[in-house]
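Here's work_21.tsv, which has TSV, C-alpha atoms:
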```
chain	number	residue	atom	x	y	z
U	93	MET	CA	-0.18	11.22	-39.76
U	94	GLY	CA	2.87	9.51	-41.19
U	95	TRP	CA	3.11	7.10	-38.28
U	96	VAL	CA	-0.43	5.93	-38.86
U	97	ARG	CA	0.48	4.93	-42.42
U	98	LYS	CA	3.66	3.28	-41.14
U	99	THR	CA	1.69	1.27	-38.58
U	100	VAL	CA	-0.87	0.21	-41.17
U	101	ASP	CA	1.95	-0.86	-43.51
U	102	SER	CA	3.69	-2.86	-40.81
U	103	VAL	CA	0.42	-4.60	-39.92
U	104	LYS	CA	-0.03	-5.54	-43.56
U	105	SER	CA	3.50	-7.00	-43.83
U	106	LEU	CA	3.19	-9.46	-40.93
U	107	GLN	CA	3.46	-13.17	-41.38
U	108	VAL	CA	1.36	-15.72	-39.51
U	109	LYS	CA	4.27	-17.30	-37.60
U	110	GLN	CA	5.52	-13.93	-36.45
U	111	VAL	CA	2.08	-12.91	-35.26
U	112	LEU	CA	1.65	-16.15	-33.35
U	113	LEU	CA	5.05	-15.79	-31.65
U	114	ARG	CA	4.23	-12.26	-30.67
U	115	ALA	CA	0.83	-13.28	-29.38
U	116	ILE	CA	2.42	-15.97	-27.21
U	117	GLY	CA	4.91	-13.43	-25.91
U	118	LEU	CA	2.05	-11.09	-24.99
U	119	ALA	CA	0.19	-13.89	-23.26
U	120	MET	CA	3.30	-14.67	-21.23
U	121	VAL	CA	3.50	-11.06	-20.09
U	122	PHE	CA	-0.12	-11.18	-18.94
U	123	THR	CA	0.26	-14.47	-17.12
U	124	SER	CA	3.38	-13.33	-15.29
U	125	GLY	CA	1.40	-10.31	-14.18
U	126	LEU	CA	-1.30	-12.64	-12.91
U	127	ILE	CA	1.29	-14.77	-11.10
U	128	LEU	CA	2.63	-11.65	-9.41
U	129	TRP	CA	-0.87	-10.65	-8.32
U	130	LYS	CA	-1.63	-14.06	-6.86
U	131	ALA	CA	1.71	-14.10	-5.05
U	132	LEU	CA	0.85	-10.73	-3.53
U	133	MET	CA	-2.49	-12.13	-2.41
U	134	CYS	CA	-0.70	-14.98	-0.63
U	135	MET	CA	1.88	-12.71	1.00
U	136	THR	CA	-0.58	-10.20	2.36
U	137	GLY	CA	-3.29	-12.70	3.28
U	138	THR	CA	-6.09	-10.75	1.61
U	139	LYS	CA	-8.13	-11.19	-1.53
U	140	SER	CA	-7.29	-7.71	-2.68
U	141	PRO	CA	-3.89	-6.59	-1.49
U	142	VAL	CA	-4.28	-3.20	-3.15
U	143	VAL	CA	-7.43	-1.06	-3.11
U	144	VAL	CA	-8.21	2.35	-4.52
U	145	VAL	CA	-9.97	4.93	-2.33
U	146	VAL	CA	-13.10	6.08	-4.14
U	147	SER	CA	-14.95	8.09	-1.50
U	148	GLY	CA	-13.92	11.12	0.48
U	149	SER	CA	-14.99	9.80	3.85
U	150	MET	CA	-11.45	9.55	5.21
U	151	GLU	CA	-10.26	12.98	4.12
U	152	PRO	CA	-7.85	14.61	4.56
U	153	GLY	CA	-5.89	11.46	5.33
U	154	PHE	CA	-6.96	9.42	2.31
U	155	LYS	CA	-8.09	11.30	-0.72
U	156	ARG	CA	-10.02	9.94	-3.67
U	157	GLY	CA	-7.54	8.27	-6.00
U	158	ASP	CA	-5.09	7.12	-3.32
U	159	VAL	CA	-3.95	3.51	-3.38
U	160	LEU	CA	-3.91	1.56	-0.12
U	161	PHE	CA	-1.84	-1.52	0.66
U	162	LEU	CA	-3.66	-4.04	2.80
U	163	TYR	CA	-2.34	-6.67	5.13
U	164	LYS	CA	-4.17	-9.30	7.09
U	165	ASN	CA	-2.72	-11.47	9.80
U	166	LYS	CA	-3.95	-13.23	12.90
U	167	ASP	CA	-3.47	-10.18	15.13
U	168	PRO	CA	-6.83	-9.16	16.55
U	169	ILE	CA	-8.35	-5.96	15.24
U	170	ARG	CA	-8.08	-3.11	17.74
U	171	ALA	CA	-9.46	0.41	18.00
U	172	GLY	CA	-7.71	2.78	15.61
U	173	ASP	CA	-7.00	0.23	12.89
U	174	ILE	CA	-8.05	1.34	9.43
U	175	VAL	CA	-9.94	-1.58	7.96
U	176	VAL	CA	-11.44	-2.37	4.59
U	177	PHE	CA	-14.73	-4.22	4.48
U	178	ASN	CA	-17.58	-5.02	2.12
U	179	VAL	CA	-21.17	-4.52	3.07
U	180	LYS	CA	-23.31	-7.50	2.08
U	181	GLY	CA	-24.79	-6.84	-1.30
U	182	GLN	CA	-22.41	-4.10	-2.36
U	183	ASP	CA	-19.12	-4.64	-4.12
U	184	VAL	CA	-17.45	-1.31	-3.40
U	185	PRO	CA	-15.14	-1.85	-0.43
U	186	ILE	CA	-15.31	0.71	2.36
U	187	VAL	CA	-12.19	1.99	4.08
U	188	HIS	CA	-12.91	3.28	7.58
U	189	ARG	CA	-11.42	3.34	11.05
U	190	VAL	CA	-12.47	1.08	13.93
U	191	ILE	CA	-13.77	3.15	16.84
U	192	GLU	CA	-15.24	0.47	19.11
U	193	VAL	CA	-14.11	-3.05	19.94
U	194	HIS	CA	-15.83	-5.54	22.23
U	195	GLU	CA	-14.18	-8.91	22.72
U	196	GLN	CA	-16.13	-11.60	24.53
U	197	GLN	CA	-14.58	-13.57	27.39
U	198	SER	CA	-16.33	-16.82	26.57
U	199	ASP	CA	-15.36	-17.44	22.96
U	200	GLY	CA	-13.15	-14.52	21.93
U	201	GLU	CA	-15.81	-13.30	19.51
U	202	ILE	CA	-15.11	-9.71	18.51
U	203	LYS	CA	-17.64	-7.01	17.64
U	204	LEU	CA	-16.46	-3.92	15.78
U	205	LEU	CA	-17.90	-0.52	14.99
U	206	THR	CA	-16.35	1.66	12.31
U	207	LYS	CA	-16.54	5.30	11.26
U	208	GLY	CA	-14.99	7.38	8.52
U	209	ASP	CA	-12.72	10.15	9.81
U	210	ALA	CA	-14.60	12.80	7.86
U	211	ASN	CA	-18.06	11.50	8.75
U	212	ASP	CA	-20.02	12.70	11.77
U	213	MET	CA	-21.94	9.46	12.22
U	214	ASP	CA	-20.61	5.98	12.75
U	215	ASP	CA	-21.20	3.35	10.09
U	216	ARG	CA	-24.24	1.61	11.58
U	217	PHE	CA	-26.40	2.97	8.79
U	218	LEU	CA	-24.12	1.33	6.23
U	219	TYR	CA	-24.30	-2.15	7.68
U	220	ALA	CA	-27.01	-4.59	6.57
U	221	ARG	CA	-30.41	-4.09	8.12
U	222	GLY	CA	-30.43	-5.33	11.69
U	223	GLN	CA	-26.66	-5.66	11.80
U	224	LEU	CA	-25.22	-3.64	14.65
U	225	TRP	CA	-21.61	-4.75	14.59
U	226	LEU	CA	-18.95	-5.88	12.16
U	227	LYS	CA	-17.17	-9.15	12.77
U	228	PRO	CA	-13.52	-9.90	11.90
U	229	GLN	CA	-14.65	-12.16	9.07
U	230	HIS	CA	-16.21	-9.18	7.30
U	231	ILE	CA	-12.86	-7.39	7.27
U	232	MET	CA	-10.76	-7.83	4.13
U	233	GLY	CA	-7.63	-6.42	5.71
U	234	ARG	CA	-5.93	-3.58	7.55
U	235	ALA	CA	-4.48	-0.65	5.65
U	236	VAL	CA	-0.74	-0.44	6.27
U	237	GLY	CA	0.58	1.77	3.48
U	238	LEU	CA	-0.44	4.46	1.07
U	239	LEU	CA	0.51	5.69	-2.38
U	240	PRO	CA	-1.15	8.94	-3.47
U	241	TYR	CA	-2.71	9.75	-6.87
U	242	VAL	CA	-1.88	6.40	-8.53
U	243	GLY	CA	-5.46	5.18	-8.17
U	244	TRP	CA	-6.85	7.82	-10.52
U	245	VAL	CA	-5.92	5.56	-13.43
U	246	THR	CA	-8.26	2.87	-12.07
U	247	ILE	CA	-11.02	5.33	-11.22
U	248	VAL	CA	-10.97	6.87	-14.69
U	249	MET	CA	-10.88	3.48	-16.40
U	250	THR	CA	-13.76	2.18	-14.29
U	251	GLU	CA	-15.92	5.18	-14.98
U	252	LYS	CA	-15.19	5.22	-18.71
U	253	PRO	CA	-14.68	1.59	-19.76
U	254	VAL	CA	-13.95	2.57	-23.35
U	255	LEU	CA	-10.55	3.76	-22.15
U	256	GLN	CA	-9.67	0.24	-21.03
U	257	TYR	CA	-10.22	-1.10	-24.55
U	258	ILE	CA	-8.24	1.72	-26.11
U	259	LEU	CA	-5.34	1.10	-23.75
U	260	VAL	CA	-5.27	-2.66	-24.24
U	261	GLY	CA	-5.68	-2.26	-27.98
U	262	ALA	CA	-2.80	0.20	-28.21
U	263	VAL	CA	-0.46	-1.97	-26.13
U	264	GLY	CA	-1.40	-5.05	-28.13
U	265	LEU	CA	-0.85	-3.29	-31.43
U	266	LEU	CA	2.51	-1.97	-30.28
U	267	PHE	CA	3.64	-5.40	-29.24
U	268	LEU	CA	2.43	-7.16	-32.36
U	269	THR	CA	3.99	-4.76	-34.82
U	270	SER	CA	7.40	-4.21	-33.22
U	271	LYS	CA	10.16	-4.63	-35.73
U	272	ASP	CA	12.30	-6.97	-33.70
S	217	MET	CA	13.12	0.61	-32.09
S	218	HIS	CA	12.92	4.31	-32.62
S	219	SER	CA	9.22	4.65	-33.17
S	220	PHE	CA	7.16	7.05	-31.11
S	221	GLY	CA	5.42	4.19	-29.36
S	222	PHE	CA	8.63	2.59	-28.13
S	223	ARG	CA	10.07	5.85	-26.98
S	224	ALA	CA	6.92	6.74	-25.06
S	225	ASN	CA	6.91	3.28	-23.51
S	226	ALA	CA	10.56	3.56	-22.44
S	227	VAL	CA	10.12	7.03	-20.94
S	228	LEU	CA	7.00	6.04	-19.05
S	229	THR	CA	8.50	2.84	-17.65
S	230	PHE	CA	11.63	4.62	-16.52
S	231	GLY	CA	9.68	7.48	-15.02
S	232	ILE	CA	7.34	5.22	-13.10
S	233	THR	CA	10.19	3.07	-11.80
S	234	ILE	CA	12.04	6.11	-10.51
S	235	LEU	CA	8.89	7.48	-8.89
S	236	ALA	CA	8.25	4.18	-7.15
S	237	LEU	CA	11.83	4.14	-5.91
S	238	ILE	CA	11.53	7.65	-4.52
S	239	CYS	CA	8.29	6.78	-2.72
S	240	ALA	CA	9.92	3.73	-1.16
S	241	MET	CA	12.92	5.80	-0.02
S	242	ALA	CA	10.61	8.43	1.47
S	243	SER	CA	8.83	5.75	3.42
S	244	ILE	CA	12.05	4.14	4.62
S	245	SER	CA	13.33	7.51	5.84
S	246	ASP	CA	10.41	7.55	8.29
S	247	ASN	CA	12.01	4.66	10.15
S	248	PHE	CA	14.90	6.85	11.21
S	249	ASN	CA	12.61	9.07	13.22
S	250	SER	CA	12.45	8.12	16.90
S	251	PRO	CA	9.37	9.77	18.32
S	252	ARG	CA	8.99	10.70	21.99
S	253	PRO	CA	5.36	11.72	22.41
S	254	SER	CA	3.93	12.61	25.78
S	255	SER	CA	0.44	13.19	27.05
S	256	GLU	CA	-1.71	13.74	30.11
S	257	ILE	CA	-5.44	13.29	30.41
S	258	GLN	CA	-7.45	14.59	33.30
S	259	ILE	CA	-11.11	13.88	33.84
S	260	LEU	CA	-12.56	17.13	35.09
S	261	ASN	CA	-16.08	16.00	35.71
S	262	ILE	CA	-18.48	13.17	35.14
S	263	ASN	CA	-21.37	15.16	33.76
S	264	TRP	CA	-23.93	12.41	33.97
S	265	PHE	CA	-24.07	8.67	34.25
S	266	GLN	CA	-27.31	7.02	33.39
S	267	LYS	CA	-28.94	3.78	32.62
S	268	GLN	CA	-30.92	4.00	29.42
S	269	PRO	CA	-34.54	2.91	29.31
S	270	HIS	CA	-35.53	-0.10	27.28
S	271	GLY	CA	-34.43	0.61	23.76
S	272	ASN	CA	-35.01	-1.14	20.47
S	273	ASP	CA	-32.58	-3.72	19.14
S	274	GLU	CA	-33.29	-2.65	15.58
S	275	ILE	CA	-32.13	0.60	14.16
S	276	GLU	CA	-34.93	2.93	13.20
S	277	ASP	CA	-34.87	5.14	10.14
S	278	PHE	CA	-31.59	6.92	9.91
S	279	GLN	CA	-33.32	10.32	9.58
S	280	VAL	CA	-34.54	10.23	13.18
S	281	TRP	CA	-31.01	10.49	14.47
S	282	ASP	CA	-30.48	13.87	12.90
S	283	VAL	CA	-33.27	15.56	14.79
S	284	VAL	CA	-33.20	14.02	18.26
S	285	PRO	CA	-30.24	14.34	20.62
S	286	ILE	CA	-28.37	11.11	20.36
S	287	CYS	CA	-28.22	10.42	24.07
S	288	LEU	CA	-31.92	9.73	24.25
S	289	PHE	CA	-31.76	6.76	21.92
S	290	SER	CA	-29.94	3.59	22.67
S	291	PRO	CA	-30.45	1.13	19.87
S	292	ILE	CA	-27.69	-1.09	21.17
S	293	ASP	CA	-29.42	-3.27	23.69
S	294	ALA	CA	-32.31	-3.51	26.05
S	295	THR	CA	-30.32	-2.09	28.94
S	296	ALA	CA	-27.32	0.11	28.45
S	297	ALA	CA	-25.45	2.55	30.63
S	298	MET	CA	-24.16	5.80	29.25
S	299	VAL	CA	-21.58	8.26	30.49
S	300	SER	CA	-20.83	11.83	29.65
S	301	LEU	CA	-17.58	13.24	30.94
S	302	THR	CA	-15.43	16.31	30.43
S	303	MET	CA	-11.72	15.79	29.89
S	304	ASN	CA	-8.61	17.91	29.79
S	305	ILE	CA	-6.30	16.47	27.19
S	306	THR	CA	-2.72	17.71	26.95
S	307	ALA	CA	-0.30	16.23	24.49
S	308	ASP	CA	2.97	16.94	22.75
S	309	LEU	CA	3.12	14.96	19.54
S	310	GLN	CA	5.57	17.14	17.66
S	311	SER	CA	8.26	14.46	17.51
S	312	LEU	CA	5.97	12.26	15.40
S	313	PHE	CA	6.09	14.56	12.40
S	314	THR	CA	8.62	13.99	9.61
S	315	TRP	CA	8.87	15.59	6.19
S	316	ASN	CA	6.83	12.66	4.86
S	317	THR	CA	3.92	13.13	7.26
S	318	LYS	CA	0.58	14.28	5.90
S	319	GLN	CA	-1.33	14.30	9.17
S	320	VAL	CA	-1.51	12.62	12.56
S	321	PHE	CA	-4.85	11.23	13.63
S	322	VAL	CA	-5.13	11.20	17.40
S	323	PHE	CA	-7.94	9.73	19.47
S	324	VAL	CA	-8.67	8.92	23.10
S	325	ALA	CA	-10.29	5.59	23.90
S	326	ALA	CA	-11.58	4.18	27.15
S	327	GLU	CA	-10.49	0.59	27.77
S	328	TYR	CA	-12.13	-1.58	30.38
S	329	GLU	CA	-13.08	-5.14	31.18
S	330	THR	CA	-16.51	-6.49	32.03
S	331	PRO	CA	-17.65	-9.95	33.14
S	332	LYS	CA	-19.01	-10.55	29.65
S	333	ASN	CA	-16.22	-8.98	27.59
S	334	ALA	CA	-12.49	-9.49	28.08
S	335	LEU	CA	-11.74	-6.22	26.32
S	336	ASN	CA	-13.79	-3.19	25.46
S	337	GLN	CA	-12.40	-0.20	23.63
S	338	VAL	CA	-14.66	2.79	23.08
S	339	SER	CA	-13.39	5.86	21.26
S	340	LEU	CA	-14.37	9.03	23.11
S	341	TRP	CA	-12.73	11.84	21.19
S	342	ASP	CA	-10.59	12.26	18.13
S	343	ALA	CA	-8.86	15.01	16.19
S	344	ILE	CA	-6.77	15.48	13.11
S	345	ILE	CA	-3.43	17.27	13.45
S	346	PRO	CA	-2.48	18.58	10.04
S	347	ALA	CA	0.93	20.06	10.85
S	348	LYS	CA	3.73	20.08	13.40
S	349	GLU	CA	2.74	23.49	14.76
S	350	HIS	CA	-0.60	22.11	15.93
S	351	ALA	CA	0.87	19.00	17.51
S	352	LYS	CA	1.40	20.47	20.95
S	353	PHE	CA	-2.08	21.07	22.24
S	354	TRP	CA	-4.38	21.39	25.21
S	355	VAL	CA	-8.06	20.78	24.77
S	356	GLN	CA	-10.96	20.69	27.18
S	357	THR	CA	-13.88	18.77	25.79
S	358	ALA	CA	-16.82	16.54	26.53
S	359	ASN	CA	-16.66	13.15	24.92
S	360	LYS	CA	-17.42	13.43	21.22
S	361	TYR	CA	-18.76	9.91	20.91
S	362	ARG	CA	-21.07	8.06	23.18
S	363	PHE	CA	-19.48	6.15	26.00
S	364	VAL	CA	-22.03	3.40	26.25
S	365	ASP	CA	-21.86	-0.21	27.33
S	366	GLN	CA	-24.36	-3.02	27.17
S	367	GLY	CA	-25.85	-3.87	30.51
S	368	SER	CA	-25.18	-2.27	33.85
S	369	ASN	CA	-21.50	-3.06	34.09
S	370	LEU	CA	-20.14	0.45	34.28
S	371	ARG	CA	-20.90	1.31	37.90
S	372	GLY	CA	-17.70	1.71	39.86
S	373	LYS	CA	-15.76	0.51	36.85
S	374	ASP	CA	-12.02	1.07	36.63
S	375	PHE	CA	-10.89	2.02	33.19
S	376	ASN	CA	-7.80	3.16	31.29
S	377	LEU	CA	-7.73	6.10	28.98
S	378	THR	CA	-5.50	5.42	26.02
S	379	LEU	CA	-4.20	8.10	23.71
S	380	HIS	CA	-3.73	6.56	20.27
S	381	TRP	CA	-1.95	8.25	17.39
S	382	HIS	CA	-1.85	7.23	13.78
S	383	VAL	CA	0.78	8.83	11.58
S	384	MET	CA	-0.52	9.03	8.02
S	385	PRO	CA	2.31	9.69	5.56
S	386	LYS	CA	2.32	11.37	2.19
S	387	THR	CA	3.48	8.04	0.77
S	388	GLY	CA	4.37	4.70	2.26
S	389	LYS	CA	3.97	2.93	5.55
S	390	MET	CA	1.63	4.19	8.26
S	391	PHE	CA	2.68	4.05	11.92
S	392	ALA	CA	0.38	3.74	14.87
S	393	ASN	CA	1.02	3.52	18.56
S	394	LYS	CA	-0.56	4.39	21.88
S	395	LEU	CA	0.01	5.62	25.40
S	396	VAL	CA	-1.96	3.91	28.14
S	397	ILE	CA	-2.93	5.99	31.15
S	398	PRO	CA	-4.52	3.82	33.80
S	399	GLY	CA	-6.32	4.68	36.96
S	400	TYR	CA	-9.70	6.21	36.15
S	401	ARG	CA	-12.88	5.16	37.80
S	402	LEU	CA	-16.57	5.67	37.19
S	403	PRO	CA	-18.88	6.54	40.07
S	404	GLU	CA	-20.57	3.76	42.01
S	405	GLU	CA	-24.08	5.02	41.42
S	406	TYR	CA	-25.92	6.50	38.48
S	407	ARG	CA	-26.46	10.23	38.52
```

Would you put the structure from the file into structure tokens?
Amino acid sequence: MGWVRKTVDSVKSLQVKQVLLRAIGLAMVFTSGLILWKALMCMTGTKSPVVVVVSGSMEPGFKRGDVLFLYKNKDPIRAGDIVVFNVKGQDVPIVHRVIEVHEQQSDGEIKLLTKGDANDMDDRFLYARGQLWLKPQHIMGRAVGLLPYVGWVTIVMTEKPVLQYILVGAVGLLFLTSKD
Amino acid sequence: MHSFGFRANAVLTFGITILALICAMASISDNFNSPRPSSEIQILNINWFQKQPHGNDEIEDFQVWDVVPICLFSPIDATAAMVSLTMNITADLQSLFTWNTKQVFVFVAAEYETPKNALNQVSLWDAIIPAKEHAKFWVQTANKYRFVDQGSNLRGKDFNLTLHWHVMPKTGKMFANKLVIPGYRLPEEYR
């Protein structure tokens, strides 16, 4: 418990100027993180260049807690691509594989049907009522890379938001009370 | 500088950086693998080839699908033709596996052109290969997924069967490629 007393003492001994400088330093760290995120968004062409897998519908390839790297370019979507899309009205993105592609002669319009590897049925029941096909504009991006287990941090923090506050509070306190 | 918090921070940062570096190296090592997969697909029999009766455009309650054989319902379009065929699929995909491979997802798709659509790809069968030992296989199967097209465009249609494989690694970049086998043809008349 000695370090608790030490931390409380160091908080008490701070001066206003020091605290402000530290706070600015912290803000700079956050904004450079934001800059990095936005740069990633530009480079990969998607609104969310990194997604966490939350369902088990692509097992055993993608397990819950895996992190996927997305990429979107002008290449047309073909059968076998693993795509990430949002169903209208839901904000959890779905990561499934394209199993059917129909591309029209007249205007190049593409219709897609997806299915999770571990599911028996295709995704028609997930689409909005009356919607039979996905279009390329519904697709956020194609999955090109994978990092296992890292996503558990996000899953745990989303399911227990109190952990987010504890984490941010601890980091902030650490930064503000450092002795140099 | 020597507080518990700083030490924990330093250890964690270093550990995570090293882990990220190792994952990147594992993924880069996959590029040194030059795979030589091979495959043959034979269509043994066209089991049946039918035009579906007038179906609904809207999807009915999902529960209905569980009870009734899927081939009787065609919610796609007013007229649709459906095929059931039996295939012999032989493939040797062992050269795709590296130490960083978790599984290889393989599927067979029929590719064809119709007057309305420049390209149609319909997945007929897929499988997951979890390890190198299972990568050399021979399977005789009916198509797992419906081979159905809008309209009556499938009679006498020439189509390619493409074997696609998707290498899913333990970490890092995924690789996908395909082998196109042309020269299949559907019968001229429904049966």

At a cut-off of 9 Å around the point (-0.3, 16.7, 10.8) (file coordinates), what residues fall inside when counting all atoms listed in the file? I'd like the answer as an MDAnalysis selection string. chainID S and resid 312:313 317:321 344:351 383:384

Closest contacts (chain U/chain S, max 9 Å, all atoms listed in the file) as a Markdown table:
```
| residue | atom | partner | partner_atom | distance |
| --- | --- | --- | --- | --- |
| U:Trp95 | CA | S:Phe220 | CA | 8.2 |
| U:Pro152 | CA | S:Gln319 | CA | 8.0 |
| U:Gly153 | CA | S:Met384 | CA | 6.5 |
| U:Phe154 | CA | S:Met384 | CA | 8.6 |
| U:Phe161 | CA | S:Lys389 | CA | 8.8 |
| U:Arg170 | CA | S:Gln337 | CA | 7.9 |
| U:Ala171 | CA | S:Gln337 | CA | 6.4 |
| U:Gly172 | CA | S:His380 | CA | 7.2 |
| U:Asp173 | CA | S:Ala392 | CA | 8.4 |
| U:Val190 | CA | S:Ser339 | CA | 8.8 |
| U:Ile191 | CA | S:Ser339 | CA | 5.2 |
| U:Glu192 | CA | S:Val338 | CA | 4.6 |
| U:Val193 | CA | S:Gln337 | CA | 5.0 |
| U:His194 | CA | S:Asn336 | CA | 4.5 |
| U:Glu195 | CA | S:Leu335 | CA | 5.1 |
| U:Gln196 | CA | S:Asn333 | CA | 4.0 |
| U:Gln197 | CA | S:Ala334 | CA | 4.6 |
| U:Ser198 | CA | S:Lys332 | CA | 7.5 |
| U:Gly200 | CA | S:Ala334 | CA | 8.0 |
| U:Asp209 | CA | S:Ile344 | CA | 8.6 |
| U:Arg216 | CA | S:Ile275 | CA | 8.4 |
| U:Phe217 | CA | S:Phe278 | CA | 6.6 |
| U:Arg221 | CA | S:Ile275 | CA | 7.8 |
| U:Gly222 | CA | S:Glu274 | CA | 5.5 |
| U:Gln223 | CA | S:Glu274 | CA | 8.2 |
| U:Leu224 | CA | S:Ile292 | CA | 7.4 |
| U:Ala235 | CA | S:Met390 | CA | 8.2 |
| U:Val236 | CA | S:Met390 | CA | 5.6 |
| U:Gly237 | CA | S:Lys389 | CA | 4.1 |
| U:Leu238 | CA | S:Gly388 | CA | 5.0 |
| U:Leu239 | CA | S:Thr387 | CA | 4.9 |
| U:Pro240 | CA | S:Thr387 | CA | 6.3 |
| U:Leu266 | CA | S:Gly221 | CA | 6.9 |
| U:Ser270 | CA | S:Met217 | CA | 7.6 |
| U:Lys271 | CA | S:Met217 | CA | 7.0 |
| U:Asp272 | CA | S:Met217 | CA | 7.8 |
```

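Of note, CA of Asn304 (chain S) and CA of Pro251 (chain S) are spaced 22.8 Å apart.
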
Could you pull the residues within 10 Å of Lys130 (chain U), counting all atoms listed in the file, minus those fewer than 6 positions along the same chain, as a PyMOL selection string? chain U and resi 124+139-141

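Across the model, the gap from CA of Ile397 (chain S) to CA of Asp199 (chain U) is 27.8 Å.
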
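Here CA of Ala210 (chain U) is placed at a distance of 11.7 Å from CA of Val187 (chain U).
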
So that I can see what lies close to Arg371 (chain S), please list as an MDAnalysis selection string the residues with an atom at most 12 Å from it, counting all atoms listed in the file and leaving out residues fewer than 5 positions away in the same chain. chainID S and resid 265:267 296:299 328 330 364:365 401:407

Counting all atoms listed in the file, note down every residue that has an atom within 12 Å of the point (-17.4, -6.6, 11.1) (file coordinates), as a VMD selection string. chain U and resid 169 to 170 175 to 180 186 188 to 194 201 to 207 215 to 216 218 to 220 223 to 233

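For the choices U:Met133, U:Met150, U:Met120, U:Ala262, the atom-to-atom distance to Ile174 (chain U) is smallest for U:Met150 when using only C-alpha atoms.
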
Need the shell around Val355 (chain S): protein/DNA/RNA residues with any atom at most 10 Å away, counting only C-alpha atoms. Skip same-chain ones fewer than 6 positions apart. Format as a ChimeraX atom specification? /S:257,303-307

Polymer residues at most 9 Å from Asp308 (chain S), all atoms listed in the file, same-chain spacing of 6 or more positions, as a PyMOL selection string: chain S and resi 252-255+351-354
